[in-house]
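A.B. asks: Please find data_9.txt (compact mmCIF, C-alpha atoms and all ligand atoms) on the next line:
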```txt
# COMPACT_ATOMS: atom_id res chain seq x y z
CA MET A 114 42.03 21.84 -76.52
CA SER A 115 41.01 22.82 -73.01
CA LYS A 116 37.64 21.56 -71.87
CA ILE A 117 34.60 23.83 -71.70
CA ARG A 118 33.59 24.23 -68.05
CA ILE A 119 29.86 23.76 -67.49
CA SER A 120 28.08 24.36 -64.20
CA ALA A 121 24.61 22.82 -64.03
CA VAL A 122 22.23 22.94 -61.07
CA SER A 123 22.27 19.95 -58.73
CA TYR A 124 18.47 19.81 -58.29
CA THR A 125 16.06 17.19 -59.65
CA ASN A 126 14.67 19.61 -62.24
CA THR A 127 18.06 19.59 -64.01
CA LYS A 128 18.35 15.80 -64.16
CA PRO A 129 16.89 15.49 -67.69
CA PHE A 130 19.66 17.79 -68.97
CA VAL A 131 22.32 15.83 -67.06
CA TYR A 132 20.88 12.57 -68.44
CA GLY A 133 21.37 13.93 -71.97
CA LEU A 134 24.98 14.84 -71.19
CA LEU A 135 25.77 11.47 -69.59
CA LYS A 136 24.32 9.58 -72.54
CA HIS A 137 26.74 11.32 -74.93
CA PRO A 138 30.24 10.22 -73.89
CA GLU A 139 31.91 11.83 -76.90
CA PHE A 140 30.37 15.21 -75.96
CA LEU A 141 31.17 14.64 -72.30
CA GLU A 142 34.86 14.36 -73.32
CA LYS A 143 34.79 18.00 -74.41
CA ILE A 144 33.43 19.38 -71.16
CA ASP A 145 34.20 19.62 -67.48
CA LEU A 146 30.80 19.28 -65.78
CA SER A 147 30.04 20.35 -62.22
CA LEU A 148 26.72 20.19 -60.39
CA ASP A 149 26.20 23.13 -58.07
CA ILE A 150 23.46 24.82 -56.08
CA PRO A 151 22.09 27.81 -58.05
CA ALA A 152 23.95 30.46 -56.00
CA GLU A 153 27.30 28.72 -56.71
CA CYS A 154 26.47 28.22 -60.37
CA ALA A 155 25.84 31.99 -60.61
CA GLN A 156 29.07 32.81 -58.79
CA LYS A 157 31.15 30.53 -61.03
CA LEU A 158 29.92 32.36 -64.14
CA ILE A 159 30.50 35.76 -62.52
CA ASP A 160 34.04 34.79 -61.40
CA ASP A 161 34.84 33.08 -64.73
CA LYS A 162 35.30 29.73 -63.00
CA ALA A 163 32.85 28.27 -65.52
CA ASP A 164 32.23 29.12 -69.19
CA ILE A 165 28.61 27.97 -69.42
CA GLY A 166 26.00 27.55 -66.72
CA LEU A 167 22.37 26.96 -66.02
CA VAL A 168 22.40 30.48 -64.68
CA PRO A 169 19.75 31.81 -62.27
CA VAL A 170 18.38 34.67 -64.39
CA ALA A 171 18.82 37.29 -61.65
CA ALA A 172 22.59 36.69 -61.87
CA LEU A 173 22.68 37.67 -65.56
CA LEU A 174 22.79 41.27 -64.37
CA LYS A 175 26.24 40.58 -62.91
CA ILE A 176 27.70 38.90 -66.01
CA PRO A 177 28.86 41.71 -68.35
CA ASP A 178 29.16 39.66 -71.58
CA TYR A 179 26.41 37.07 -71.19
CA HIS A 180 24.97 35.07 -74.08
CA ILE A 181 21.82 32.96 -73.75
CA ILE A 182 22.86 29.93 -75.78
CA SER A 183 19.83 27.66 -75.64
CA ASP A 184 16.08 27.65 -76.13
CA TYR A 185 15.83 25.38 -73.06
CA CYS A 186 15.52 26.67 -69.53
CA ILE A 187 14.13 25.90 -66.08
CA GLY A 188 10.76 27.59 -66.36
CA ALA A 189 7.10 27.27 -65.48
CA VAL A 190 3.73 28.20 -66.92
CA GLY A 191 1.73 28.77 -63.74
CA PRO A 192 2.51 26.81 -60.53
CA VAL A 193 6.03 25.29 -60.48
CA ASN A 194 5.61 23.42 -57.19
CA SER A 195 9.20 23.94 -55.97
CA VAL A 196 9.53 27.67 -55.34
CA PHE A 197 7.54 28.95 -52.40
CA ILE A 198 7.06 31.53 -49.75
CA PHE A 199 5.97 29.49 -46.73
CA SER A 200 4.35 31.61 -44.04
CA SER A 201 2.68 31.55 -40.67
CA LYS A 202 0.57 34.57 -41.68
CA PRO A 203 -1.22 35.86 -44.77
CA ILE A 204 1.27 37.69 -46.98
CA GLU A 205 -0.48 41.00 -46.21
CA ASP A 206 0.44 40.64 -42.53
CA ILE A 207 4.06 39.52 -42.62
CA GLN A 208 6.59 41.81 -40.96
CA THR A 209 9.72 39.71 -41.59
CA ILE A 210 10.89 37.32 -44.31
CA ARG A 211 13.98 35.12 -44.65
CA LEU A 212 15.47 34.42 -48.08
CA ASP A 213 16.96 31.12 -49.33
CA LYS A 214 20.77 31.14 -49.40
CA GLN A 215 20.80 28.64 -52.30
CA SER A 216 18.72 30.93 -54.51
CA ARG A 217 19.40 33.97 -56.66
CA THR A 218 16.32 34.23 -58.87
CA SER A 219 13.56 33.27 -56.45
CA ASN A 220 14.80 35.58 -53.69
CA ASN A 221 14.55 38.44 -56.15
CA LEU A 222 11.21 37.18 -57.44
CA ALA A 223 9.87 37.24 -53.88
CA ARG A 224 11.13 40.81 -53.46
CA VAL A 225 9.71 41.90 -56.84
CA LEU A 226 6.28 40.43 -56.01
CA LEU A 227 6.24 41.85 -52.48
CA LYS A 228 7.01 45.34 -53.77
CA ASN A 229 5.04 45.48 -57.03
CA TYR A 230 2.21 42.95 -56.61
CA TRP A 231 1.45 42.64 -52.90
CA LYS A 232 2.81 46.15 -52.20
CA LYS A 233 4.31 45.11 -48.89
CA HIS A 234 7.74 45.84 -47.48
CA PRO A 235 8.60 43.27 -44.81
CA ALA A 236 12.09 43.40 -43.31
CA ILE A 237 14.50 40.84 -44.77
CA VAL A 238 16.03 38.94 -41.86
CA GLU A 239 18.27 35.93 -41.33
CA THR A 240 16.66 34.68 -38.15
CA ALA A 241 14.78 31.42 -37.81
CA GLU A 242 11.79 33.27 -36.29
CA ALA A 243 10.86 35.13 -39.49
CA ASP A 244 7.10 35.26 -40.24
CA ALA A 245 7.75 33.81 -43.69
CA PHE A 246 10.58 32.31 -45.73
CA VAL A 247 11.52 31.60 -49.32
CA GLU A 248 12.46 28.01 -50.15
CA ILE A 249 13.39 26.45 -53.50
CA GLY A 250 14.32 23.17 -55.10
CA ASP A 251 14.21 19.62 -53.79
CA ARG A 252 14.07 20.75 -50.15
CA THR A 253 10.47 21.87 -50.77
CA PHE A 254 9.32 18.45 -52.01
CA GLY A 255 6.59 17.06 -49.78
CA LYS A 256 6.29 20.25 -47.72
CA LYS A 257 3.19 21.59 -49.44
CA GLY A 258 0.37 21.48 -46.91
CA SER A 259 2.69 21.90 -43.91
CA TYR A 260 2.39 25.66 -43.49
CA ALA A 261 -0.55 27.93 -42.74
CA TYR A 262 0.06 29.97 -45.90
CA GLU A 263 1.92 28.92 -49.05
CA TYR A 264 2.60 31.00 -52.13
CA ASP A 265 3.93 29.34 -55.29
CA LEU A 266 6.00 32.14 -56.80
CA ALA A 267 5.62 31.12 -60.46
CA GLU A 268 1.84 31.03 -59.92
CA GLU A 269 1.87 34.46 -58.23
CA TRP A 270 4.05 35.87 -61.02
CA MET A 271 1.49 34.67 -63.57
CA LYS A 272 -1.34 36.28 -61.58
CA PHE A 273 0.66 39.51 -61.56
CA THR A 274 1.85 39.63 -65.20
CA GLY A 275 -0.15 37.00 -67.11
CA LEU A 276 3.19 35.52 -68.16
CA PRO A 277 5.10 32.29 -67.60
CA PHE A 278 8.49 32.53 -65.91
CA ALA A 279 12.10 31.42 -66.49
CA PHE A 280 14.13 30.77 -63.33
CA ALA A 281 17.39 29.74 -64.98
CA VAL A 282 18.72 29.81 -68.54
CA TRP A 283 21.71 28.22 -70.25
CA ALA A 284 24.13 31.10 -70.70
CA SER A 285 27.82 31.63 -71.33
CA ASN A 286 30.01 34.46 -70.05
CA LYS A 287 31.98 34.65 -73.31
CA PRO A 288 31.27 33.79 -76.96
CA VAL A 289 31.10 30.02 -77.63
CA SER A 290 31.40 28.44 -81.10
CA ASN A 291 28.19 27.81 -83.04
CA SER A 292 29.11 24.17 -83.58
CA PHE A 293 29.50 23.58 -79.83
CA VAL A 294 26.19 25.33 -79.11
CA THR A 295 24.38 23.23 -81.74
CA GLU A 296 25.75 20.00 -80.31
CA PHE A 297 25.02 21.09 -76.73
CA ASN A 298 21.37 21.81 -77.58
CA GLU A 299 20.97 18.43 -79.25
CA VAL A 300 22.27 16.73 -76.14
CA LEU A 301 19.91 18.76 -73.91
CA LYS A 302 16.99 17.91 -76.19
CA PHE A 303 17.83 14.21 -76.01
CA GLY A 304 17.61 14.42 -72.22
CA LEU A 305 14.24 16.19 -72.31
CA ASN A 306 12.90 13.60 -74.74
CA HIS A 307 13.87 10.85 -72.28
CA ARG A 308 12.28 12.29 -69.15
CA LYS A 309 10.27 9.12 -68.53
CA GLU A 310 13.54 7.16 -68.22
CA VAL A 311 14.93 9.84 -65.88
CA ILE A 312 11.81 9.61 -63.70
CA ALA A 313 12.03 5.81 -63.62
CA GLU A 314 15.59 6.06 -62.22
CA LEU A 315 14.64 8.44 -59.40
CA PRO A 316 13.91 7.10 -55.90
CA LYS A 317 10.12 6.88 -55.49
CA ARG A 318 8.43 9.28 -53.08
CA ASN A 319 4.86 9.09 -51.91
CA ASP A 320 4.79 12.73 -50.74
CA PHE A 321 5.64 14.32 -54.11
CA ASP A 322 4.59 13.64 -57.69
CA LEU A 323 7.91 13.54 -59.59
CA ASP A 324 6.22 12.61 -62.85
CA ASP A 325 3.94 15.64 -62.73
CA TYR A 326 6.88 17.82 -61.67
CA LEU A 327 9.26 16.87 -64.49
CA MET A 328 6.64 16.36 -67.20
CA SER A 329 4.26 19.28 -66.48
CA ARG A 330 5.30 21.70 -63.72
CA ILE A 331 8.82 22.46 -64.94
CA ASP A 332 8.44 23.86 -68.44
CA TYR A 333 11.72 23.59 -70.29
CA ASP A 334 11.10 25.68 -73.43
CA LEU A 335 12.46 29.20 -73.39
CA THR A 336 9.60 30.64 -75.42
CA ALA A 337 9.12 34.23 -76.59
CA GLU A 338 6.74 34.76 -73.65
CA LYS A 339 9.33 33.54 -71.18
CA ARG A 340 11.90 35.86 -72.74
CA GLU A 341 9.45 38.74 -72.35
CA ALA A 342 8.96 37.72 -68.71
CA LEU A 343 12.72 37.62 -68.27
CA ASN A 344 13.12 41.17 -69.55
CA ARG A 345 10.30 42.46 -67.37
CA PHE A 346 11.66 40.64 -64.34
CA LEU A 347 15.22 41.95 -64.81
CA THR A 348 13.90 45.51 -65.17
CA MET A 349 12.04 45.15 -61.87
CA VAL A 350 15.07 43.58 -60.15
CA LYS A 351 17.16 46.59 -61.19
CA GLU A 352 14.56 48.84 -59.57
CA LEU A 353 14.76 47.08 -56.18
CA ASP A 354 16.71 49.11 -53.61
C1 LIG A 401 12.16 26.11 -60.13
C2 LIG A 401 13.37 26.12 -59.62
O1 LIG A 401 14.25 26.92 -60.26
C3 LIG A 401 15.53 27.21 -59.71
C4 LIG A 401 15.58 28.44 -59.02
C5 LIG A 401 16.72 29.20 -58.99
C6 LIG A 401 16.88 30.39 -58.07
O2 LIG A 401 15.96 30.69 -57.32
O3 LIG A 401 17.95 31.03 -58.10
C7 LIG A 401 17.79 28.84 -59.82
C8 LIG A 401 17.75 27.75 -60.61
C9 LIG A 401 16.57 26.88 -60.71
O4 LIG A 401 16.96 25.57 -60.45
C10 LIG A 401 13.76 25.25 -58.49
O5 LIG A 401 14.91 24.81 -58.46
O6 LIG A 401 12.92 24.94 -57.65
```
Represent the structure of the file as C-alpha cells.
C.D. replies:
Amino acid sequence: MSKIRISAVSYTNTKPFVYGLLKHPEFLEKIDLSLDIPAECAQKLIDDKADIGLVPVAALLKIPDYHIISDYCIGAVGPVNSVFIFSSKPIEDIQTIRLDKQSRTSNNLARVLLKNYWKKHPAIVETAEADAFVEIGDRTFGKKGSYAYEYDLAEEWMKFTGLPFAFAVWASNKPVSNSFVTEFNEVLKFGLNHRKEVIAELPKRNDFDLDDYLMSRIDYDLTAEKREALNRFLTMVKELD
C-alpha cells in the first residue's frame, strides 16, 4: 500500500502534533511526513503532492474536494502572539503594507480586517520600506515591543467578530478512510496531551514564553465557534478584490 503523504507546518505551534506522530512508529510507517512552511503546505495540497495537510484555511478555497478531517487545528481565542501587523504608524495612517511570503491565511486576515474592520485600503507592496508588514510564526518570537505599533491579528479578529479564529486545519484533498482518520486523530490527541514534554524539549528562550504560547495562546480545538469563524472568514476572503 502506498504511504499517505502528510504535510505539516514546520513552526513551533505544530510540534505537539509532530510529537504525537513520532511517538507512534507503527502509524508513522503508514505515512510520508514532510514539514513545510504554510505556503508550501497549501501548495502541496493544491497540486496533489500531499494527501493531507495542516492547511492554511485561506487555501481551502483552492482545493476543490477538501475534507476537514480533524477537530484539531491551529487556532486562537483572542491574542495568538505569533501573527502580527508590525507598523511604524497607527493602522489608520498606513499607506503601504508588505505581506508575509510564508503565509496564506494571515495575509488574507490582514486584508479582511483592513477592508472590513479598519476600513483602510493601503497599497500592498513588496518593498522593505513599507509602513507596516505582516509577520507570522516563530520569526515573530521575541519581537513584541520592538515596533511603534503592533496588532495581534487573532485579537483584532475577535474585536471585530466576537469569535475565535482558526488559522490552519487538518484537511485532505480527497476522501480518506474512516479508520485512518480515527487513528490519525488519536495520534494528534496524544501529542496535545503531552505538550509539557514538548515544551521541555524546546530550547529555552528568555524573550518569549513558550509555555504560555503552546498551553494557552494556541488553541487547538476546532470548536463550533471556530468553524463559524472559518465560514465567515472565507466568505470575506472571496469578497476581496
Ligand atoms: C498562528 C499561526 O498560524 C499559522 C498561520 C498560517 C498562515 O498565515 O497561513 C498558517 C498556518 C499556521 O501555522 C502561526 O504560525 O503563527
A.B. asks: What does the list of residues within 7 Å of ligand LIG 401 (chain A) look like if you count all atoms listed in the file, written as a ChimeraX atom specification?
C.D. replies: /A:122,124,126,151-152,168-169,187-188,193,195-196,215-220,249-251,280-281,331
A.B. asks: Which residues, written as JSON, numbers by chain, have at least one atom at most 8 Å from Ile204 in chain A, with only C-alpha atoms counted and residues fewer than 3 positions away on the same chain left out?
C.D. replies: {"A": [200, 207, 231, 262]}
A.B. asks: Identify which of the residues A:Lys143, A:Lys116, A:Arg345, A:His137 lies closest to Gly275 in chain A, counting all atoms listed in the file when measuring atom-to-atom distances.
C.D. replies: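 When distances to Gly275 in chain A are compared using all atoms listed in the file, the smallest one comes from A:Arg345.
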A.B. asks: Please report the interatomic distance between CA of Leu212 in chain A and CA of Glu242 in chain A in Å with one decimal.
C.D. replies: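 It comes out at 12.4 Å.
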A.B. asks: One decimal, Å: what's the distance from CA of Val289 in chain A over to CA of Cys154 in chain A, could you say?
C.D. replies: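 Going from CA of Val289 in chain A over to CA of Cys154 in chain A, I get 18.0 Å.
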A.B. asks: Which residues are near Thr348 in chain A? Cut-off 12 Å, all atoms listed in the file, ignore same chain within fewer than 4 positions. Put them as a PDB file with C-alpha atoms, in the coordinates of the input.
C.D. replies:
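File produced: result-v6.pdb:
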```
ATOM      1  CA  VAL A 170      18.380  34.670 -64.390  1.00  0.00           C
ATOM      2  CA  ALA A 171      18.820  37.290 -61.650  1.00  0.00           C
ATOM      3  CA  LEU A 173      22.680  37.670 -65.560  1.00  0.00           C
ATOM      4  CA  LEU A 174      22.790  41.270 -64.370  1.00  0.00           C
ATOM      5  CA  ASN A 221      14.550  38.440 -56.150  1.00  0.00           C
ATOM      6  CA  LEU A 222      11.210  37.180 -57.440  1.00  0.00           C
ATOM      7  CA  VAL A 225       9.710  41.900 -56.840  1.00  0.00           C
ATOM      8  CA  GLU A 341       9.450  38.740 -72.350  1.00  0.00           C
ATOM      9  CA  ALA A 342       8.960  37.720 -68.710  1.00  0.00           C
ATOM     10  CA  LEU A 343      12.720  37.620 -68.270  1.00  0.00           C
ATOM     11  CA  ASN A 344      13.120  41.170 -69.550  1.00  0.00           C
ATOM     12  CA  GLU A 352      14.560  48.840 -59.570  1.00  0.00           C
ATOM     13  CA  LEU A 353      14.760  47.080 -56.180  1.00  0.00           C
TER      14      LEU A 353
END
```
A.B. asks: CA of Pro277 in chain A and CA of Val190 in chain A are how many Å apart?
C.D. replies: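 Distance between the two atoms: 4.4 Å.
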A.B. asks: Within 6 Å of (20.1, 11.3, -63.7), in the coordinates the file gives, what residues turn up when you count all atoms listed in the file, written out as a list in words?
C.D. replies: Lys128, Tyr132 and Val311 of chain A
A.B. asks: For each of A:Leu226, A:Leu148, A:Ala337, A:Thr125, take the minimum atom-to-atom distance to Pro316 in chain A, counting all atoms listed in the file, then give the residue where this is smallest.
C.D. replies: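 Counting all atoms listed in the file, the residue closest to Pro316 in chain A is A:Thr125.
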A.B. asks: Which is closer to Ala163 in chain A than all the others in A:Ile119, A:Lys175, A:Phe321, A:Asp265, using all atoms listed in the file?
C.D. replies: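 Of the candidates, the smallest distance to Ala163 in chain A is held by A:Ile119.
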A.B. asks: Find the residue from A:Thr253, A:Ser120, A:Thr209, A:Asn298 that sits nearest to Asn194 in chain A; use all atoms listed in the file when measuring.
C.D. replies: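 Counting all atoms listed in the file, the residue closest to Asn194 in chain A is A:Thr253.
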A.B. asks: Rank nothing, just name the residue among A:Met328, A:Ala241, A:Val247, A:Leu167 nearest to His180 in chain A, using only C-alpha atoms.
C.D. replies: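 Selected residue with least distance to His180 in chain A: A:Leu167.
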A.B. asks: Can you spit out range 294-331 of chain A with C-alpha atoms, as a PDB file, in the first residue's frame, from the structure just given?
C.D. replies:
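Result saved to selection-v4.pdb:
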```
ATOM      1  CA  VAL A 294      -8.828   9.355  10.218  1.00  0.00           C
ATOM      2  CA  THR A 295      -9.700   7.828  13.614  1.00  0.00           C
ATOM      3  CA  GLU A 296      -6.143   6.656  14.174  1.00  0.00           C
ATOM      4  CA  PHE A 297      -4.699   9.979  12.974  1.00  0.00           C
ATOM      5  CA  ASN A 298      -6.843  11.929  15.455  1.00  0.00           C
ATOM      6  CA  GLU A 299      -5.791   9.673  18.324  1.00  0.00           C
ATOM      7  CA  VAL A 300      -2.164  10.306  17.487  1.00  0.00           C
ATOM      8  CA  LEU A 301      -2.748  14.089  17.310  1.00  0.00           C
ATOM      9  CA  LYS A 302      -4.570  13.986  20.640  1.00  0.00           C
ATOM     10  CA  PHE A 303      -1.689  12.100  22.244  1.00  0.00           C
ATOM     11  CA  GLY A 304       0.649  14.896  21.164  1.00  0.00           C
ATOM     12  CA  LEU A 305      -1.617  17.613  22.562  1.00  0.00           C
ATOM     13  CA  ASN A 306      -1.885  15.737  25.859  1.00  0.00           C
ATOM     14  CA  HIS A 307       1.913  15.703  26.108  1.00  0.00           C
ATOM     15  CA  ARG A 308       2.570  19.385  25.459  1.00  0.00           C
ATOM     16  CA  LYS A 309       4.530  19.761  28.698  1.00  0.00           C
ATOM     17  CA  GLU A 310       7.044  17.177  27.409  1.00  0.00           C
ATOM     18  CA  VAL A 311       7.209  19.001  24.061  1.00  0.00           C
ATOM     19  CA  ILE A 312       7.904  22.300  25.836  1.00  0.00           C
ATOM     20  CA  ALA A 313      10.602  20.689  27.992  1.00  0.00           C
ATOM     21  CA  GLU A 314      12.428  19.556  24.818  1.00  0.00           C
ATOM     22  CA  LEU A 315      12.429  23.019  23.213  1.00  0.00           C
ATOM     23  CA  PRO A 316      15.467  25.298  23.541  1.00  0.00           C
ATOM     24  CA  LYS A 317      14.764  27.813  26.324  1.00  0.00           C
ATOM     25  CA  ARG A 318      14.246  31.452  25.375  1.00  0.00           C
ATOM     26  CA  ASN A 319      14.096  34.364  27.760  1.00  0.00           C
ATOM     27  CA  ASP A 320      12.398  36.667  25.233  1.00  0.00           C
ATOM     28  CA  PHE A 321       9.306  34.500  24.633  1.00  0.00           C
ATOM     29  CA  ASP A 322       7.044  32.432  26.876  1.00  0.00           C
ATOM     30  CA  LEU A 323       6.833  29.072  25.067  1.00  0.00           C
ATOM     31  CA  ASP A 324       4.770  27.509  27.838  1.00  0.00           C
ATOM     32  CA  ASP A 325       2.114  30.213  27.616  1.00  0.00           C
ATOM     33  CA  TYR A 326       2.230  30.009  23.807  1.00  0.00           C
ATOM     34  CA  LEU A 327       1.681  26.250  23.483  1.00  0.00           C
ATOM     35  CA  MET A 328      -0.572  25.807  26.513  1.00  0.00           C
ATOM     36  CA  SER A 329      -2.775  28.927  26.253  1.00  0.00           C
ATOM     37  CA  ARG A 330      -2.261  31.144  23.186  1.00  0.00           C
ATOM     38  CA  ILE A 331      -2.545  28.474  20.507  1.00  0.00           C
TER      39      ILE A 331
END
```
